[in-house]
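Shown next, in structure tokens, is the structure this report addresses.
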Amino acid sequence: MPINMTGASHFIGVDIGGTGVKGGIVNLEKGEILGSCVRLATPQPADPESVGDVVRQLVDELTAGSEEGRDSTVGVTFPGIVQHGTSRSAANMDRTFIDFDIGTHFSDRIRRRVTVLNDADAAGLAEARYGAGKGTHGTVLVITLGTGIGSALIFDGNVVPNVELGHISIDGHDAETRASAVARERDGLGWQEYSVRLQRYLSELEFMFSPELIIVGGGISQRADEYLPHLNLRTPVAPAKLRNEAGIVGAAIQAASVTWDRTAHYGLSTSVASV
């Protein structure tokens with residue numbers, strides 16, 4: 001996914017979550033958000049019409065009184081499987097998002113090009129390019145430990161979309177039911193006990209993908225010194241660096257990767273095929 005800078009280095013990234021929609025204008029030369037992020041509550045119900053209105057409001061607030069990002073494509077993350085701009089699942093969102101063409105709908109809604117990708121893929125892409133994986137060539141796995149397990153598979157800076165590695169079977173169990181941060185809390189495990197489960201899970205991923213680096217994200221990454229020293233893998237394991245801004249930055253990377261005719265009208269069912 002090469003970045004198409006075409007004279008611009010500032011792109012808008014929007015990160016849609018179950019409780020909040022946040023966005024910012026990203027300087028992709030540095031991988032940094034310019035100024036402050038804008039955060040709005042996710043509407044309830046979180047259906048396409050209502051969420052589209054919030055994204056439009058957020059983009060309007062970001063670009064009000066500023067030239068930065070005014071004409072850029074908007075990258076949007078979505079908490080579900082995304083294929084060519086269409087959502088195939090809808091975790092924590094209204095079921096009307098399933099098999100819904102988000103790219104086209106949002107493009108028409110906000111009158112500019114919109115490109116969409118899975119939220120974990122966006123965060124992983126940003127972390128691999130600007131965070132703990134910066135400068136690493138080859139395969140990078142980004143694993144987010146939280147309520148479940150999110151994952152992103154990056155090869156030479158390009159994302160392999162919709163890799164659901166939290167759902168592989170480990171010893172007859174769905175991996176996230178044993179190795180997520182919530183599983184640790186649920187089962188009352190100390191950090192060293194938890195590291196045994198994490199070792200089992202990451203060892204399986206190491207065997208499957210032979211990565212050059214594994215990055216561990218999620219809130220639990222702030223306690224990495226409690227469990228990473230107990231792991232024994234061939235692959236280096238590092239805590240994530242970008243944290244809450246990763247989704248926004250990754251969405252902006254996706255926006256910048258799209259090549260389009262700047263003379264075309266925004267919207268009007270002209271969204272770009274997205275991962």
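The way I read the labels, and the way they are meant: chains A, B, ... in the order of the structure tokens, residue 1 as the first residue of every chain, and ligand 1 as the first ligand shown, with later ones counted on from there.
Taking only C-alpha atoms, the non-local environment of segment 45-58 of chain A within 6 Å (same-chain residues fewer than 2 positions away omitted) comprises Pro43, Asp60, Glu61, Met93, Asp94, Phe106 and Ile110 of chain A.
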DSSP on the backbone, alpha helix (DSSP H) only: what residues of segment 137-264 of chain A does that give? Format it as a JSON list (two decimals) with all heavy atoms, in the first residue's frame.
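What landed in part-v3.json:
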```json
[["chain", "number", "residue", "atom", "x", "y", "z"],
["A", 176, "GLU", "N", -8.81, -15.86, 22.15],
["A", 176, "GLU", "CA", -9.10, -14.69, 22.97],
["A", 176, "GLU", "C", -9.82, -15.04, 24.27],
["A", 176, "GLU", "O", -9.82, -14.23, 25.20],
["A", 176, "GLU", "CB", -9.88, -13.66, 22.17],
["A", 176, "GLU", "CG", -11.26, -14.03, 21.76],
["A", 176, "GLU", "CD", -11.94, -12.90, 20.98],
["A", 176, "GLU", "OE1", -11.21, -12.02, 20.49],
["A", 176, "GLU", "OE2", -13.18, -12.91, 20.88],
["A", 177, "THR", "N", -10.41, -16.24, 24.35],
["A", 177, "THR", "CA", -11.04, -16.63, 25.61],
["A", 177, "THR", "C", -10.01, -17.04, 26.66],
["A", 177, "THR", "O", -10.35, -17.17, 27.84],
["A", 177, "THR", "CB", -12.03, -17.80, 25.41],
["A", 177, "THR", "OG1", -11.29, -18.98, 25.04],
["A", 177, "THR", "CG2", -13.05, -17.46, 24.33],
["A", 178, "ARG", "N", -8.76, -17.20, 26.23],
["A", 178, "ARG", "CA", -7.70, -17.62, 27.15],
["A", 178, "ARG", "C", -6.61, -16.58, 27.33],
["A", 178, "ARG", "O", -6.04, -16.46, 28.41],
["A", 178, "ARG", "CB", -7.06, -18.91, 26.61],
["A", 178, "ARG", "CG", -8.01, -20.07, 26.43],
["A", 178, "ARG", "CD", -8.31, -20.76, 27.73],
["A", 178, "ARG", "NE", -7.12, -21.43, 28.26],
["A", 178, "ARG", "CZ", -7.04, -21.92, 29.49],
["A", 178, "ARG", "NH1", -8.06, -21.80, 30.32],
["A", 178, "ARG", "NH2", -5.95, -22.53, 29.90],
["A", 179, "ALA", "N", -6.34, -15.79, 26.27],
["A", 179, "ALA", "CA", -5.15, -14.94, 26.32],
["A", 179, "ALA", "C", -5.46, -13.44, 26.24],
["A", 179, "ALA", "O", -4.52, -12.64, 26.23],
["A", 179, "ALA", "CB", -4.21, -15.32, 25.17],
["A", 181, "ALA", "N", -6.80, -9.69, 27.63],
["A", 181, "ALA", "CA", -6.66, -9.01, 28.92],
["A", 181, "ALA", "C", -7.85, -9.31, 29.83],
["A", 181, "ALA", "O", -7.70, -9.48, 31.04],
["A", 181, "ALA", "CB", -6.52, -7.50, 28.70],
["A", 182, "VAL", "N", -9.03, -9.37, 29.25],
["A", 182, "VAL", "CA", -10.22, -9.68, 30.03],
["A", 182, "VAL", "C", -10.16, -11.10, 30.59],
["A", 182, "VAL", "O", -10.59, -11.36, 31.72],
["A", 182, "VAL", "CB", -11.50, -9.47, 29.18],
["A", 182, "VAL", "CG1", -12.70, -10.17, 29.80],
["A", 182, "VAL", "CG2", -11.79, -7.99, 29.02],
["A", 183, "ALA", "N", -9.61, -12.03, 29.81],
["A", 183, "ALA", "CA", -9.47, -13.41, 30.29],
["A", 183, "ALA", "C", -8.55, -13.46, 31.50],
["A", 183, "ALA", "O", -8.79, -14.23, 32.45],
["A", 183, "ALA", "CB", -8.93, -14.30, 29.17],
["A", 184, "ARG", "N", -7.49, -12.67, 31.49],
["A", 184, "ARG", "CA", -6.58, -12.62, 32.64],
["A", 184, "ARG", "C", -7.32, -12.15, 33.88],
["A", 184, "ARG", "O", -7.20, -12.73, 34.97],
["A", 184, "ARG", "CB", -5.40, -11.68, 32.35],
["A", 184, "ARG", "CG", -4.35, -11.67, 33.46],
["A", 184, "ARG", "CD", -3.34, -10.56, 33.27],
["A", 184, "ARG", "NE", -3.89, -9.28, 33.65],
["A", 184, "ARG", "CZ", -3.91, -8.80, 34.90],
["A", 184, "ARG", "NH1", -3.42, -9.54, 35.90],
["A", 184, "ARG", "NH2", -4.40, -7.62, 35.18],
["A", 185, "GLU", "N", -8.11, -11.08, 33.73],
["A", 185, "GLU", "CA", -8.86, -10.54, 34.86],
["A", 185, "GLU", "C", -9.94, -11.50, 35.33],
["A", 185, "GLU", "O", -10.13, -11.71, 36.53],
["A", 185, "GLU", "CB", -9.48, -9.19, 34.47],
["A", 185, "GLU", "CG", -8.44, -8.12, 34.16],
["A", 185, "GLU", "CD", -9.06, -6.88, 33.56],
["A", 185, "GLU", "OE1", -10.31, -6.86, 33.34],
["A", 185, "GLU", "OE2", -8.32, -5.91, 33.30],
["A", 186, "ARG", "N", -10.64, -12.09, 34.37],
["A", 186, "ARG", "CA", -11.72, -13.03, 34.70],
["A", 186, "ARG", "C", -11.22, -14.21, 35.51],
["A", 186, "ARG", "O", -11.85, -14.65, 36.48],
["A", 186, "ARG", "CB", -12.35, -13.51, 33.40],
["A", 186, "ARG", "CG", -13.50, -14.50, 33.57],
["A", 186, "ARG", "CD", -13.75, -15.25, 32.26],
["A", 186, "ARG", "NE", -12.63, -16.09, 31.90],
["A", 186, "ARG", "CZ", -12.21, -16.31, 30.65],
["A", 186, "ARG", "NH1", -12.83, -15.73, 29.63],
["A", 186, "ARG", "NH2", -11.17, -17.09, 30.42],
["A", 191, "TRP", "N", 0.55, -11.73, 36.71],
["A", 191, "TRP", "CA", 1.23, -11.48, 35.43],
["A", 191, "TRP", "C", 2.07, -12.64, 34.96],
["A", 191, "TRP", "O", 2.10, -12.97, 33.77],
["A", 191, "TRP", "CB", 2.07, -10.21, 35.53],
["A", 191, "TRP", "CG", 1.24, -8.97, 35.63],
["A", 191, "TRP", "CD1", 1.08, -8.18, 36.73],
["A", 191, "TRP", "CD2", 0.43, -8.40, 34.60],
["A", 191, "TRP", "NE1", 0.22, -7.13, 36.44],
["A", 191, "TRP", "CE2", -0.18, -7.24, 35.14],
["A", 191, "TRP", "CE3", 0.17, -8.74, 33.27],
["A", 191, "TRP", "CZ2", -1.04, -6.44, 34.39],
["A", 191, "TRP", "CZ3", -0.67, -7.95, 32.52],
["A", 191, "TRP", "CH2", -1.27, -6.82, 33.08],
["A", 192, "GLN", "N", 2.75, -13.31, 35.90],
["A", 192, "GLN", "CA", 3.59, -14.44, 35.48],
["A", 192, "GLN", "C", 2.72, -15.60, 35.00],
["A", 192, "GLN", "O", 3.07, -16.28, 34.01],
["A", 192, "GLN", "CB", 4.49, -14.88, 36.62],
["A", 192, "GLN", "CG", 5.54, -15.91, 36.20],
["A", 192, "GLN", "CD", 6.69, -16.03, 37.17],
["A", 192, "GLN", "OE1", 6.74, -15.32, 38.17],
["A", 192, "GLN", "NE2", 7.62, -16.92, 36.89],
["A", 193, "GLU", "N", 1.59, -15.85, 35.69],
["A", 193, "GLU", "CA", 0.67, -16.90, 35.24],
["A", 193, "GLU", "C", 0.10, -16.55, 33.87],
["A", 193, "GLU", "O", -0.02, -17.41, 32.99],
["A", 193, "GLU", "CB", -0.47, -17.04, 36.24],
["A", 193, "GLU", "CG", -0.07, -17.55, 37.61],
["A", 193, "GLU", "CD", -1.24, -17.52, 38.56],
["A", 193, "GLU", "OE1", -1.73, -16.42, 38.88],
["A", 193, "GLU", "OE2", -1.68, -18.61, 38.98],
["A", 194, "TYR", "N", -0.24, -15.29, 33.70],
["A", 194, "TYR", "CA", -0.80, -14.86, 32.41],
["A", 194, "TYR", "C", 0.22, -15.01, 31.29],
["A", 194, "TYR", "O", -0.13, -15.38, 30.15],
["A", 194, "TYR", "CB", -1.25, -13.41, 32.52],
["A", 194, "TYR", "CG", -1.72, -12.81, 31.20],
["A", 194, "TYR", "CD1", -2.85, -13.30, 30.56],
["A", 194, "TYR", "CD2", -1.02, -11.75, 30.62],
["A", 194, "TYR", "CE1", -3.28, -12.76, 29.35],
["A", 194, "TYR", "CE2", -1.45, -11.20, 29.42],
["A", 194, "TYR", "CZ", -2.57, -11.71, 28.79],
["A", 194, "TYR", "OH", -2.98, -11.17, 27.60],
["A", 195, "SER", "N", 1.49, -14.76, 31.59],
["A", 195, "SER", "CA", 2.53, -14.85, 30.56],
["A", 195, "SER", "C", 2.63, -16.27, 30.00],
["A", 195, "SER", "O", 3.04, -16.46, 28.85],
["A", 195, "SER", "CB", 3.88, -14.39, 31.11],
["A", 195, "SER", "OG", 4.38, -15.30, 32.07],
["A", 196, "VAL", "N", 2.27, -17.28, 30.80],
["A", 196, "VAL", "CA", 2.29, -18.66, 30.31],
["A", 196, "VAL", "C", 1.27, -18.83, 29.18],
["A", 196, "VAL", "O", 1.55, -19.44, 28.14],
["A", 196, "VAL", "CB", 2.00, -19.65, 31.45],
["A", 196, "VAL", "CG1", 1.88, -21.08, 30.91],
["A", 196, "VAL", "CG2", 3.09, -19.57, 32.52],
["A", 197, "ARG", "N", 0.08, -18.27, 29.37],
["A", 197, "ARG", "CA", -0.95, -18.34, 28.33],
["A", 197, "ARG", "C", -0.54, -17.52, 27.11],
["A", 197, "ARG", "O", -0.74, -17.95, 25.96],
["A", 197, "ARG", "CB", -2.28, -17.82, 28.87],
["A", 197, "ARG", "CG", -2.92, -18.69, 29.91],
["A", 197, "ARG", "CD", -4.35, -18.24, 30.15],
["A", 197, "ARG", "NE", -4.98, -19.00, 31.19],
["A", 197, "ARG", "CZ", -6.25, -18.83, 31.58],
["A", 197, "ARG", "NH1", -7.00, -17.91, 30.95],
["A", 197, "ARG", "NH2", -6.78, -19.56, 32.54],
["A", 198, "LEU", "N", 0.03, -16.35, 27.36],
["A", 198, "LEU", "CA", 0.44, -15.50, 26.25],
["A", 198, "LEU", "C", 1.57, -16.16, 25.47],
["A", 198, "LEU", "O", 1.62, -16.09, 24.23],
["A", 198, "LEU", "CB", 0.88, -14.14, 26.79],
["A", 198, "LEU", "CG", 0.97, -13.00, 25.78],
["A", 198, "LEU", "CD1", -0.35, -12.79, 25.07],
["A", 198, "LEU", "CD2", 1.41, -11.72, 26.48],
["A", 199, "GLN", "N", 2.48, -16.82, 26.18],
["A", 199, "GLN", "CA", 3.56, -17.56, 25.54],
["A", 199, "GLN", "C", 3.00, -18.63, 24.60],
["A", 199, "GLN", "O", 3.45, -18.77, 23.45],
["A", 199, "GLN", "CB", 4.45, -18.22, 26.60],
["A", 199, "GLN", "CG", 5.45, -19.24, 26.09],
["A", 199, "GLN", "CD", 6.68, -18.61, 25.46],
["A", 199, "GLN", "OE1", 7.09, -17.52, 25.86],
["A", 199, "GLN", "NE2", 7.26, -19.29, 24.49],
["A", 200, "ARG", "N", 2.00, -19.36, 25.06],
["A", 200, "ARG", "CA", 1.40, -20.42, 24.25],
["A", 200, "ARG", "C", 0.78, -19.84, 22.98],
["A", 200, "ARG", "O", 0.95, -20.38, 21.88],
["A", 200, "ARG", "CB", 0.33, -21.16, 25.08],
["A", 200, "ARG", "CG", -0.40, -22.25, 24.31],
["A", 200, "ARG", "CD", 0.49, -23.46, 24.07],
["A", 200, "ARG", "NE", -0.22, -24.46, 23.25],
["A", 200, "ARG", "CZ", -0.18, -24.49, 21.92],
["A", 200, "ARG", "NH1", 0.53, -23.58, 21.25],
["A", 200, "ARG", "NH2", -0.83, -25.42, 21.26],
["A", 201, "TYR", "N", 0.09, -18.73, 23.12],
["A", 201, "TYR", "CA", -0.58, -18.10, 21.99],
["A", 201, "TYR", "C", 0.43, -17.52, 21.00],
["A", 201, "TYR", "O", 0.37, -17.78, 19.79],
["A", 201, "TYR", "CB", -1.51, -17.01, 22.50],
["A", 201, "TYR", "CG", -2.14, -16.17, 21.42],
["A", 201, "TYR", "CD1", -2.88, -16.74, 20.39],
["A", 201, "TYR", "CD2", -2.00, -14.77, 21.43],
["A", 201, "TYR", "CE1", -3.47, -15.96, 19.40],
["A", 201, "TYR", "CE2", -2.59, -13.99, 20.45],
["A", 201, "TYR", "CZ", -3.31, -14.59, 19.43],
["A", 201, "TYR", "OH", -3.88, -13.81, 18.46],
["A", 202, "LEU", "N", 1.38, -16.75, 21.50],
["A", 202, "LEU", "CA", 2.35, -16.11, 20.61],
["A", 202, "LEU", "C", 3.28, -17.13, 19.96],
["A", 202, "LEU", "O", 3.72, -16.93, 18.83],
["A", 202, "LEU", "CB", 3.16, -15.06, 21.38],
["A", 202, "LEU", "CG", 2.37, -13.86, 21.90],
["A", 202, "LEU", "CD1", 3.29, -12.88, 22.62],
["A", 202, "LEU", "CD2", 1.61, -13.16, 20.78],
["A", 203, "SER", "N", 3.54, -18.23, 20.65],
["A", 203, "SER", "CA", 4.36, -19.29, 20.05],
["A", 203, "SER", "C", 3.66, -19.87, 18.82],
["A", 203, "SER", "O", 4.30, -20.18, 17.82],
["A", 203, "SER", "CB", 4.63, -20.40, 21.06],
["A", 203, "SER", "OG", 5.46, -19.95, 22.10],
["A", 204, "GLU", "N", 2.34, -20.01, 18.90],
["A", 204, "GLU", "CA", 1.58, -20.53, 17.77],
["A", 204, "GLU", "C", 1.64, -19.55, 16.60],
["A", 204, "GLU", "O", 1.82, -19.95, 15.45],
["A", 204, "GLU", "CB", 0.13, -20.77, 18.18],
["A", 204, "GLU", "CG", -0.72, -21.48, 17.14],
["A", 204, "GLU", "CD", -0.34, -22.95, 16.97],
["A", 204, "GLU", "OE1", 0.35, -23.51, 17.85],
["A", 204, "GLU", "OE2", -0.74, -23.53, 15.93],
["A", 205, "LEU", "N", 1.51, -18.26, 16.89],
["A", 205, "LEU", "CA", 1.59, -17.26, 15.83],
["A", 205, "LEU", "C", 2.99, -17.21, 15.23],
["A", 205, "LEU", "O", 3.15, -17.04, 14.01],
["A", 205, "LEU", "CB", 1.22, -15.88, 16.38],
["A", 205, "LEU", "CG", -0.20, -15.70, 16.89],
["A", 205, "LEU", "CD1", -0.43, -14.26, 17.33],
["A", 205, "LEU", "CD2", -1.23, -16.10, 15.83],
["A", 206, "GLU", "N", 3.99, -17.36, 16.07],
["A", 206, "GLU", "CA", 5.37, -17.37, 15.59],
["A", 206, "GLU", "C", 5.59, -18.53, 14.62],
["A", 206, "GLU", "O", 6.22, -18.37, 13.56],
["A", 206, "GLU", "CB", 6.32, -17.48, 16.77],
["A", 206, "GLU", "CG", 7.80, -17.46, 16.40],
["A", 206, "GLU", "CD", 8.68, -17.57, 17.63],
["A", 206, "GLU", "OE1", 8.59, -18.60, 18.35],
["A", 206, "GLU", "OE2", 9.45, -16.62, 17.89],
["A", 207, "PHE", "N", 5.05, -19.70, 14.95],
["A", 207, "PHE", "CA", 5.18, -20.87, 14.09],
["A", 207, "PHE", "C", 4.45, -20.66, 12.76],
["A", 207, "PHE", "O", 4.94, -21.05, 11.70],
["A", 207, "PHE", "CB", 4.61, -22.11, 14.80],
["A", 207, "PHE", "CG", 4.58, -23.33, 13.94],
["A", 207, "PHE", "CD1", 5.73, -24.04, 13.65],
["A", 207, "PHE", "CD2", 3.38, -23.78, 13.40],
["A", 207, "PHE", "CE1", 5.71, -25.17, 12.84],
["A", 207, "PHE", "CE2", 3.33, -24.90, 12.60],
["A", 207, "PHE", "CZ", 4.49, -25.60, 12.32],
["A", 208, "MET", "N", 3.27, -20.02, 12.81],
["A", 208, "MET", "CA", 2.46, -19.85, 11.62],
["A", 208, "MET", "C", 3.03, -18.81, 10.65],
["A", 208, "MET", "O", 2.95, -18.97, 9.43],
["A", 208, "MET", "CB", 1.04, -19.42, 12.02],
["A", 208, "MET", "CG", 0.25, -20.49, 12.75],
["A", 208, "MET", "SD", -1.31, -19.84, 13.43],
["A", 208, "MET", "CE", -2.19, -19.44, 11.91],
["A", 209, "PHE", "N", 3.63, -17.72, 11.19],
["A", 209, "PHE", "CA", 3.99, -16.58, 10.33],
["A", 209, "PHE", "C", 5.47, -16.24, 10.30],
["A", 209, "PHE", "O", 5.89, -15.45, 9.46],
["A", 209, "PHE", "CB", 3.20, -15.34, 10.78],
["A", 209, "PHE", "CG", 1.72, -15.49, 10.63],
["A", 209, "PHE", "CD1", 0.92, -15.76, 11.74],
["A", 209, "PHE", "CD2", 1.11, -15.39, 9.40],
["A", 209, "PHE", "CE1", -0.45, -15.91, 11.62],
["A", 209, "PHE", "CE2", -0.26, -15.53, 9.26],
["A", 209, "PHE", "CZ", -1.05, -15.80, 10.37],
["A", 224, "ALA", "N", 3.66, -3.76, 30.11],
["A", 224, "ALA", "CA", 4.45, -4.76, 29.38],
["A", 224, "ALA", "C", 5.61, -5.29, 30.20],
["A", 224, "ALA", "O", 6.00, -6.46, 30.05],
["A", 224, "ALA", "CB", 4.96, -4.16, 28.08],
["A", 225, "ASP", "N", 6.17, -4.47, 31.07],
["A", 225, "ASP", "CA", 7.31, -4.93, 31.87],
["A", 225, "ASP", "C", 6.92, -6.00, 32.88],
["A", 225, "ASP", "O", 7.78, -6.66, 33.46],
["A", 225, "ASP", "CB", 7.98, -3.75, 32.59],
["A", 225, "ASP", "CG", 7.02, -3.00, 33.51],
["A", 225, "ASP", "OD1", 5.79, -3.10, 33.29],
["A", 225, "ASP", "OD2", 7.49, -2.32, 34.43],
["A", 226, "GLU", "N", 5.61, -6.21, 33.07],
["A", 226, "GLU", "CA", 5.13, -7.22, 34.01],
["A", 226, "GLU", "C", 5.09, -8.62, 33.39],
["A", 226, "GLU", "O", 5.12, -9.61, 34.11],
["A", 226, "GLU", "CB", 3.71, -6.86, 34.49],
["A", 226, "GLU", "CG", 3.59, -5.52, 35.17],
["A", 226, "GLU", "CD", 3.96, -5.58, 36.63],
["A", 226, "GLU", "OE1", 4.43, -6.64, 37.09],
["A", 226, "GLU", "OE2", 3.76, -4.56, 37.32],
["A", 227, "TYR", "N", 4.99, -8.69, 32.05],
["A", 227, "TYR", "CA", 4.84, -10.01, 31.44],
["A", 227, "TYR", "C", 5.80, -10.29, 30.28],
["A", 227, "TYR", "O", 6.17, -11.44, 30.05],
["A", 227, "TYR", "CB", 3.40, -10.24, 30.97],
["A", 227, "TYR", "CG", 2.86, -9.20, 30.01],
["A", 227, "TYR", "CD1", 3.02, -9.33, 28.63],
["A", 227, "TYR", "CD2", 2.18, -8.08, 30.47],
["A", 227, "TYR", "CE1", 2.53, -8.39, 27.74],
["A", 227, "TYR", "CE2", 1.68, -7.13, 29.59],
["A", 227, "TYR", "CZ", 1.85, -7.28, 28.24],
["A", 227, "TYR", "OH", 1.37, -6.34, 27.37],
["A", 246, "ALA", "N", -3.44, 5.47, 17.16],
["A", 246, "ALA", "CA", -3.04, 4.58, 16.08],
["A", 246, "ALA", "C", -4.13, 4.42, 15.02],
["A", 246, "ALA", "O", -3.85, 4.41, 13.82],
["A", 246, "ALA", "CB", -2.67, 3.21, 16.65],
["A", 247, "GLY", "N", -5.39, 4.30, 15.43],
["A", 247, "GLY", "CA", -6.46, 4.13, 14.46],
["A", 247, "GLY", "C", -6.62, 5.32, 13.54],
["A", 247, "GLY", "O", -6.83, 5.16, 12.33],
["A", 248, "ILE", "N", -6.50, 6.53, 14.10],
["A", 248, "ILE", "CA", -6.61, 7.74, 13.29],
["A", 248, "ILE", "C", -5.47, 7.82, 12.28],
["A", 248, "ILE", "O", -5.68, 8.11, 11.10],
["A", 248, "ILE", "CB", -6.61, 8.99, 14.20],
["A", 248, "ILE", "CG1", -7.85, 8.99, 15.09],
["A", 248, "ILE", "CG2", -6.55, 10.27, 13.37],
["A", 248, "ILE", "CD1", -7.86, 10.09, 16.14],
["A", 249, "VAL", "N", -4.26, 7.55, 12.74],
["A", 249, "VAL", "CA", -3.10, 7.61, 11.86],
["A", 249, "VAL", "C", -3.21, 6.55, 10.77],
["A", 249, "VAL", "O", -2.94, 6.81, 9.59],
["A", 249, "VAL", "CB", -1.79, 7.45, 12.66],
["A", 249, "VAL", "CG1", -0.59, 7.37, 11.73],
["A", 249, "VAL", "CG2", -1.62, 8.60, 13.65],
["A", 250, "GLY", "N", -3.63, 5.34, 11.13],
["A", 250, "GLY", "CA", -3.77, 4.28, 10.14],
["A", 250, "GLY", "C", -4.83, 4.60, 9.10],
["A", 250, "GLY", "O", -4.67, 4.29, 7.92],
["A", 251, "ALA", "N", -5.92, 5.22, 9.54],
["A", 251, "ALA", "CA", -6.96, 5.62, 8.59],
["A", 251, "ALA", "C", -6.43, 6.66, 7.61],
["A", 251, "ALA", "O", -6.75, 6.63, 6.41],
["A", 251, "ALA", "CB", -8.17, 6.18, 9.34],
["A", 252, "ALA", "N", -5.60, 7.58, 8.10],
["A", 252, "ALA", "CA", -5.01, 8.59, 7.22],
["A", 252, "ALA", "C", -4.03, 7.96, 6.23],
["A", 252, "ALA", "O", -3.95, 8.39, 5.07],
["A", 252, "ALA", "CB", -4.30, 9.66, 8.06],
["A", 253, "ILE", "N", -3.29, 6.94, 6.66],
["A", 253, "ILE", "CA", -2.41, 6.22, 5.74],
["A", 253, "ILE", "C", -3.23, 5.62, 4.60],
["A", 253, "ILE", "O", -2.86, 5.70, 3.43],
["A", 253, "ILE", "CB", -1.64, 5.11, 6.47],
["A", 253, "ILE", "CG1", -0.66, 5.69, 7.48],
["A", 253, "ILE", "CG2", -0.90, 4.22, 5.47],
["A", 253, "ILE", "CD1", 0.00, 4.65, 8.37],
["A", 254, "GLN", "N", -4.36, 5.02, 4.96],
["A", 254, "GLN", "CA", -5.23, 4.42, 3.94],
["A", 254, "GLN", "C", -5.74, 5.50, 2.98],
["A", 254, "GLN", "O", -5.80, 5.28, 1.77],
["A", 254, "GLN", "CB", -6.40, 3.72, 4.63],
["A", 254, "GLN", "CG", -7.47, 3.18, 3.69],
["A", 254, "GLN", "CD", -7.03, 1.96, 2.92],
["A", 254, "GLN", "OE1", -5.90, 1.51, 3.07],
["A", 254, "GLN", "NE2", -7.92, 1.42, 2.11],
["A", 255, "ALA", "N", -6.11, 6.66, 3.51],
["A", 255, "ALA", "CA", -6.60, 7.75, 2.65],
["A", 255, "ALA", "C", -5.52, 8.19, 1.67],
["A", 255, "ALA", "O", -5.79, 8.44, 0.49],
["A", 255, "ALA", "CB", -7.05, 8.93, 3.51],
["A", 256, "ALA", "N", -4.29, 8.27, 2.15],
["A", 256, "ALA", "CA", -3.19, 8.74, 1.31],
["A", 256, "ALA", "C", -2.80, 7.73, 0.25],
["A", 256, "ALA", "O", -2.23, 8.10, -0.78],
["A", 256, "ALA", "CB", -1.98, 9.06, 2.18]]
```
Counting only C-alpha atoms, the residue of A:Val163, A:Gly133, A:Asp174, A:Asn158 that sits nearest Gly217 of chain A:
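Looking only at the distances to Gly217 of chain A, the closest residue turns out to be A:Gly133.
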Segment 122-129 of chain A: which residues within 7 Å, counting only C-alpha atoms, same-chain residues fewer than 2 positions away excluded, as an MDAnalysis selection string?
chainID A and resid 77 117:120 131:134 140 142 152 154 157 159 240 242 246:247 249:251
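We find atom CA of Pro211 of chain A and atom CA of Thr139 of chain A to be spaced 4.7 Å apart.
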Please provide the set of residues having any atom within 10 Å of Ala41 of chain A, restricted to only C-alpha atoms, with same-chain residues fewer than 4 positions apart removed, written as JSON, numbers by chain.
{"A": [16, 17, 18, 19, 20, 21, 22, 51, 54]}
Minimum-distance residue to Gly35 of chain A, chosen among A:Leu62, A:Val216, A:Ile168, A:Leu231 (using only C-alpha atoms)
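For Gly35 of chain A, the nearest of the given residues is A:Leu62.
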Report, in Å to a single decimal, how far apart atom CA of Val14 of chain A and atom CA of His167 of chain A are.
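Answer for the atom CA of His167 of chain A to atom CA of Val14 of chain A separation: 26.2 Å.
Distances to Ser72 of chain A were evaluated for A:Ser257, A:Ser87, A:Ser169, A:Ser151 using only C-alpha atoms, and the minimum falls at A:Ser257.
Across A:Val26, A:Ile12, A:Ala91, A:Val258, the tightest approach to Val74 of chain A is made by A:Ile12 when counting only C-alpha atoms.
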